[in-house]
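Beneath this line is the structure, given in structure tokens, with notes to follow.
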Amino acid sequence: MHNNNSDGGGNQRTGAPGAMERARPATVTVSAVSLALSSVSLLLLVTSIFTDHWYQTDTRRHKDNCDRSGADSNDQKNREMPIYHLPLVDGGGGAARLVKPVHVGSREEELLENWRAILGMGILETECGRPLFSTHSGLWRKCYYKGMDEDIDKLIDKGIADRCTAVKYHFSQPIRLRNIPLNLTRTIQQDEWHLLHLRRITAGFLGMAAAVLLCGSIVASVGFFWEESLTQHVSGLLFLMAGIFCTISLCTYAASVSYDLSRTPPFIYGLPADVDHGYGWSICCAWASLGLTVAAGCLATTFPFLSRAGPLRSKTARESSV
């Protein structure tokens with residue numbers, strides 16, 4: 001009897017290492033899969049960050065409608081004519097001076113001043129009086145499409161318009177123009193300030209998501225050589241954290257787009273109904289990255305618990321049978 005019990009105990013002692021040896025290939029496989037998912041996710045996220053197709057507009061249908069309905073109007077001439085007719089600006093010291101002529105397609109803040117300056121003239125109050133061109137924008141730049149509209153192509157070739165302009169992440173005090181009411185000026189400034197905060201949140205959380213995702217991939221790589229279970233669990237938590245940051249960033253970007261299109265006055269910041277606009281392939285890469293990140297995080301986080309629960313159930317079954 002004593003020998004039988006000893007043999008049974010030896011079998012139990014040798015059974016645990018055998019179970020661990022059988023579980024190791026599965027752990028390595030899960031680590032490899034989660035690392036592959038996180039690597040692809042990081043590549044997609046970096047691609048979305050540094051490309052300029054998050055949001056895009058197509059004004060070709062709008063231009064065709066304006067050409068058909070207003071062939072005798074001078075509204076469409078604003079597309080090819082730089083806006084020089086700016087009013088006088090209050091310089092603060094009592095002396096009035098002319099604003100430097102700024103061309104269509106120049107820096108965002110200067111173009112905004114152009115549009116504010118002609119508000120009192122009623123030029124932009126008609127949908128066809130506002131110069132609109134097809135654009136695609138990202139986190140850092142807003143660019144005109146090349147080859148879609150001959151008018152903007154001519155302005156770019158002549159050097160009047162820049163093909164791409166930088167997206168503002170700093171607040172600059174706009175120029176106060178005489179023909180703009182003070183309450184409207186304050187409203188525009190407040191909207192710019194809120195929009196600036198949304199842009200900063202989007203870029204900040206997206207950068208943190210990329211950094212945390214990179215750290216999680218490094219930890220997952222270390223797991224092949226040291227403490228597979230611990231590093232796998234930590235990398236999974238990092239992947240889930242990166243997914244949370246990415247979700248916040250994408251939701252904030254969608255809020256910023258909606259806020260920008262609903263700003264006051266609508267005939268400056270809104271888009272006519274016949275302008276096609278929507279999200280581009282860059283933000284699709286970001287959403288795909290989010291899905292892969294969450295999948296890698298769930299896989300790396302839950303597998304250590306499942307792998308431990310299996311041997312525990314088999315051990316309990318053996319003890320109950322004895």
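To be explicit about the labels: the chains of the structure tokens are called A, B, and onward in the order shown, and within each one the residues are counted from 1, while ligands get numbers from 1 in the order they are shown.
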
Exercise. When DSSP works through the backbone of this structure, what residues of segment 120-231 of chain A end up as helix (DSSP H, G or I), shown as a VMD selection string?
Worked result: chain A and resid 120 to 121 127 to 129 150 to 157 182 to 222 228 to 231

Exercise. Which residues come within 9 Å of Leu237 of chain A, counting only C-alpha atoms, excluding same-chain residues fewer than 5 positions away, as a PyMOL selection string?
Worked result: chain A and resi 216+232+242+297-298+300-301

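In terms of minimum interatomic distance to Met148 of chain A, A:Thr59 ranks closest within A:Ser217, A:Thr59, A:Asn183, A:Ile188, counting only C-alpha atoms.
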
Problem set entry | Interatomic distance (Å, one decimal) between atom CA of Phe205 of chain A and atom CA of Ala254 of chain A | 13.8 Å

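Taking atom CA of Asp153 of chain A and atom CA of Arg130 of chain A as the two end points, the separation is 17.3 Å.
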
Problem set entry | Contacts of Asp260 of chain A within 9 Å, only C-alpha atoms, excl. fewer than 2 positions in-chain, as number ranges by chain | A: 191-192, 195, 255-258, 262-263, 269-270

Could the residues in this selection be saved with all heavy atoms as a short mmCIF file (atom, residue, chain, number, x, y, z; two decimals), in the first residue's frame?
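Output saved as again-v7.cif:
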data_model
loop_
_atom_site.label_atom_id
_atom_site.label_comp_id
_atom_site.auth_asym_id
_atom_site.auth_seq_id
_atom_site.Cartn_x
_atom_site.Cartn_y
_atom_site.Cartn_z
N ASP A 191 -16.04 79.81 -30.83
CA ASP A 191 -16.11 78.57 -31.60
C ASP A 191 -14.72 78.10 -32.01
O ASP A 191 -14.44 76.89 -31.99
CB ASP A 191 -16.97 78.78 -32.85
CG ASP A 191 -18.44 78.96 -32.51
OD1 ASP A 191 -18.82 78.60 -31.37
OD2 ASP A 191 -19.20 79.47 -33.36
N GLU A 192 -13.86 79.03 -32.39
CA GLU A 192 -12.49 78.66 -32.74
C GLU A 192 -11.76 78.06 -31.54
O GLU A 192 -10.99 77.11 -31.67
CB GLU A 192 -11.73 79.88 -33.27
CG GLU A 192 -12.17 80.34 -34.64
CD GLU A 192 -11.44 81.60 -35.07
OE1 GLU A 192 -10.68 82.15 -34.25
OE2 GLU A 192 -11.63 82.03 -36.22
N LEU A 195 -13.14 74.52 -30.92
CA LEU A 195 -12.66 73.63 -31.97
C LEU A 195 -11.17 73.31 -31.79
O LEU A 195 -10.72 72.18 -32.03
CB LEU A 195 -12.90 74.27 -33.34
CG LEU A 195 -12.60 73.41 -34.57
CD1 LEU A 195 -13.46 72.16 -34.57
CD2 LEU A 195 -12.81 74.21 -35.84
N ALA A 255 -16.76 64.52 -33.24
CA ALA A 255 -17.41 65.68 -32.62
C ALA A 255 -16.87 66.99 -33.19
O ALA A 255 -17.63 67.95 -33.39
CB ALA A 255 -17.22 65.64 -31.11
N SER A 256 -15.56 67.05 -33.45
CA SER A 256 -14.98 68.28 -33.99
C SER A 256 -15.47 68.56 -35.41
O SER A 256 -15.71 69.72 -35.77
CB SER A 256 -13.45 68.18 -33.98
OG SER A 256 -12.99 67.20 -34.89
N VAL A 257 -15.65 67.51 -36.20
CA VAL A 257 -16.17 67.71 -37.57
C VAL A 257 -17.59 68.24 -37.52
O VAL A 257 -17.95 69.20 -38.23
CB VAL A 257 -16.08 66.39 -38.35
CG1 VAL A 257 -16.83 66.51 -39.68
CG2 VAL A 257 -14.64 66.01 -38.61
N SER A 258 -18.42 67.63 -36.68
CA SER A 258 -19.81 68.09 -36.57
C SER A 258 -19.88 69.52 -36.02
O SER A 258 -20.69 70.33 -36.48
CB SER A 258 -20.60 67.15 -35.65
OG SER A 258 -20.60 65.84 -36.16
N SER A 262 -21.30 73.05 -38.00
CA SER A 262 -22.48 73.73 -37.43
C SER A 262 -22.15 75.09 -36.83
O SER A 262 -22.95 75.65 -36.08
CB SER A 262 -23.11 72.85 -36.35
OG SER A 262 -22.19 72.60 -35.29
N ARG A 263 -20.98 75.63 -37.14
CA ARG A 263 -20.59 76.92 -36.58
C ARG A 263 -21.40 78.07 -37.19
O ARG A 263 -22.04 77.94 -38.22
CB ARG A 263 -19.09 77.16 -36.81
CG ARG A 263 -18.19 76.23 -36.03
CD ARG A 263 -16.74 76.40 -36.42
NE ARG A 263 -16.26 77.74 -36.12
CZ ARG A 263 -15.03 78.17 -36.39
NH1 ARG A 263 -14.17 77.37 -36.98
NH2 ARG A 263 -14.68 79.39 -36.09
N TYR A 269 -19.25 78.59 -42.65
CA TYR A 269 -18.67 77.35 -42.16
C TYR A 269 -19.45 76.11 -42.60
O TYR A 269 -18.90 75.01 -42.62
CB TYR A 269 -18.60 77.39 -40.63
CG TYR A 269 -17.72 78.49 -40.11
CD1 TYR A 269 -18.26 79.65 -39.57
CD2 TYR A 269 -16.34 78.39 -40.18
CE1 TYR A 269 -17.45 80.67 -39.09
CE2 TYR A 269 -15.52 79.40 -39.72
CZ TYR A 269 -16.08 80.53 -39.16
OH TYR A 269 -15.28 81.55 -38.72
N GLY A 270 -20.73 76.25 -42.90
CA GLY A 270 -21.50 75.10 -43.35
C GLY A 270 -21.24 74.77 -44.80
O GLY A 270 -20.53 75.49 -45.52
#

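Here the question is which of A:Pro265, A:Gly159, A:Thr29, A:Gln190 gets nearest to Phe171 of chain A using only C-alpha atoms, and that residue is A:Gln190.
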
Exercise. Which of segment 227-291 of chain A counts as strand (DSSP E or B) under DSSP, as a count of residues only please?
Worked result: 4

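Checking A:Thr202, A:Thr51, A:Ser137, A:Thr302 one by one against Ser229 of chain A, counting only C-alpha atoms, you find the shortest gap at A:Thr302.
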
Seminar exercise, completed: One residue among A:Ser69, A:Thr231, A:Gln56, A:Thr187 is nearest to Val28 of chain A when using only C-alpha atoms, and that residue is A:Thr231

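The two atoms in question, atom CA of Val294 of chain A and atom CA of Leu213 of chain A, are spaced 10.7 Å apart.
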
For this session: Compile the contact shell of His136 of chain A as a list in words: residues with an atom at most 12 Å away, counting only C-alpha atoms, same-chain residues fewer than 4 positions apart removed.
Result: Thr51, Asp52, His53, Trp54, Tyr55, Gln56, Thr57, Asp58, Thr59, Trp140, Arg141, Lys142, Cys143, Tyr144, Tyr145, Lys146, Met148, Arg163, Cys164, Thr165, Val167, Asp276, His277, Gly278, Tyr279, Gly280, Trp281, Ser282 and Ile283 of chain A

Put those residues in a file: N, CA and C atoms, as a short mmCIF file (atom, residue, chain, number, x, y, z; two decimals), in the first residue's frame.
data_model
loop_
_atom_site.label_atom_id
_atom_site.label_comp_id
_atom_site.auth_asym_id
_atom_site.auth_seq_id
_atom_site.Cartn_x
_atom_site.Cartn_y
_atom_site.Cartn_z
N THR A 51 -1.40 60.57 -42.70
CA THR A 51 -2.04 60.77 -44.00
C THR A 51 -3.15 61.82 -43.88
N ASP A 52 -3.55 62.36 -45.02
CA ASP A 52 -4.45 63.52 -45.04
C ASP A 52 -5.80 63.19 -45.65
N HIS A 53 -6.34 62.02 -45.33
CA HIS A 53 -7.64 61.65 -45.88
C HIS A 53 -8.60 61.24 -44.77
N TRP A 54 -8.62 62.03 -43.70
CA TRP A 54 -9.57 61.77 -42.62
C TRP A 54 -10.97 62.25 -43.01
N TYR A 55 -11.03 63.42 -43.65
CA TYR A 55 -12.33 63.97 -44.07
C TYR A 55 -12.14 64.60 -45.44
N GLN A 56 -13.12 64.43 -46.31
CA GLN A 56 -12.98 64.92 -47.67
C GLN A 56 -14.31 65.48 -48.17
N THR A 57 -14.19 66.47 -49.05
CA THR A 57 -15.36 67.10 -49.66
C THR A 57 -15.22 67.06 -51.17
N ASP A 58 -16.34 66.92 -51.84
CA ASP A 58 -16.38 66.88 -53.31
C ASP A 58 -17.41 67.91 -53.76
N THR A 59 -16.93 68.97 -54.39
CA THR A 59 -17.80 70.09 -54.79
C THR A 59 -18.14 70.08 -56.27
N TRP A 140 -3.08 67.12 -39.65
CA TRP A 140 -2.05 68.17 -39.72
C TRP A 140 -2.21 69.10 -40.91
N ARG A 141 -2.86 68.65 -42.00
CA ARG A 141 -2.96 69.48 -43.19
C ARG A 141 -4.35 69.36 -43.81
N LYS A 142 -4.70 70.41 -44.56
CA LYS A 142 -5.89 70.40 -45.39
C LYS A 142 -5.47 70.75 -46.80
N CYS A 143 -5.79 69.90 -47.77
CA CYS A 143 -5.27 70.05 -49.13
C CYS A 143 -6.42 70.07 -50.13
N TYR A 144 -6.17 70.75 -51.26
CA TYR A 144 -7.08 70.72 -52.39
C TYR A 144 -6.75 69.51 -53.26
N TYR A 145 -7.80 68.89 -53.83
CA TYR A 145 -7.58 67.81 -54.78
C TYR A 145 -6.99 68.38 -56.07
N LYS A 146 -6.02 67.72 -56.57
CA LYS A 146 -5.39 68.13 -57.82
C LYS A 146 -6.04 67.40 -58.99
N MET A 148 -9.21 67.77 -60.08
CA MET A 148 -10.67 67.65 -59.99
C MET A 148 -11.39 68.93 -60.38
N ARG A 163 -1.54 74.50 -52.29
CA ARG A 163 -2.29 73.25 -52.39
C ARG A 163 -2.64 72.71 -51.00
N CYS A 164 -1.76 72.87 -50.04
CA CYS A 164 -2.01 72.37 -48.68
C CYS A 164 -1.75 73.49 -47.68
N THR A 165 -2.56 73.55 -46.65
CA THR A 165 -2.37 74.50 -45.55
C THR A 165 -2.37 73.73 -44.24
N VAL A 167 -3.14 72.71 -40.42
CA VAL A 167 -4.25 72.79 -39.47
C VAL A 167 -3.76 73.46 -38.20
N ASP A 276 -20.87 66.91 -51.64
CA ASP A 276 -20.66 65.59 -51.06
C ASP A 276 -19.48 65.64 -50.09
N HIS A 277 -19.68 65.16 -48.90
CA HIS A 277 -18.61 65.17 -47.90
C HIS A 277 -18.76 63.97 -46.98
N GLY A 278 -17.65 63.52 -46.45
CA GLY A 278 -17.67 62.36 -45.56
C GLY A 278 -16.26 61.98 -45.15
N TYR A 279 -16.17 60.91 -44.37
CA TYR A 279 -14.89 60.44 -43.86
C TYR A 279 -14.13 59.68 -44.94
N GLY A 280 -12.81 59.76 -44.88
CA GLY A 280 -11.96 59.12 -45.87
C GLY A 280 -11.32 57.84 -45.36
N TRP A 281 -10.38 57.32 -46.15
CA TRP A 281 -9.77 56.02 -45.83
C TRP A 281 -8.80 56.10 -44.66
N SER A 282 -8.30 57.28 -44.33
CA SER A 282 -7.37 57.38 -43.20
C SER A 282 -8.07 57.06 -41.88
N ILE A 283 -9.29 57.58 -41.71
CA ILE A 283 -10.01 57.29 -40.47
C ILE A 283 -10.50 55.84 -40.46
#
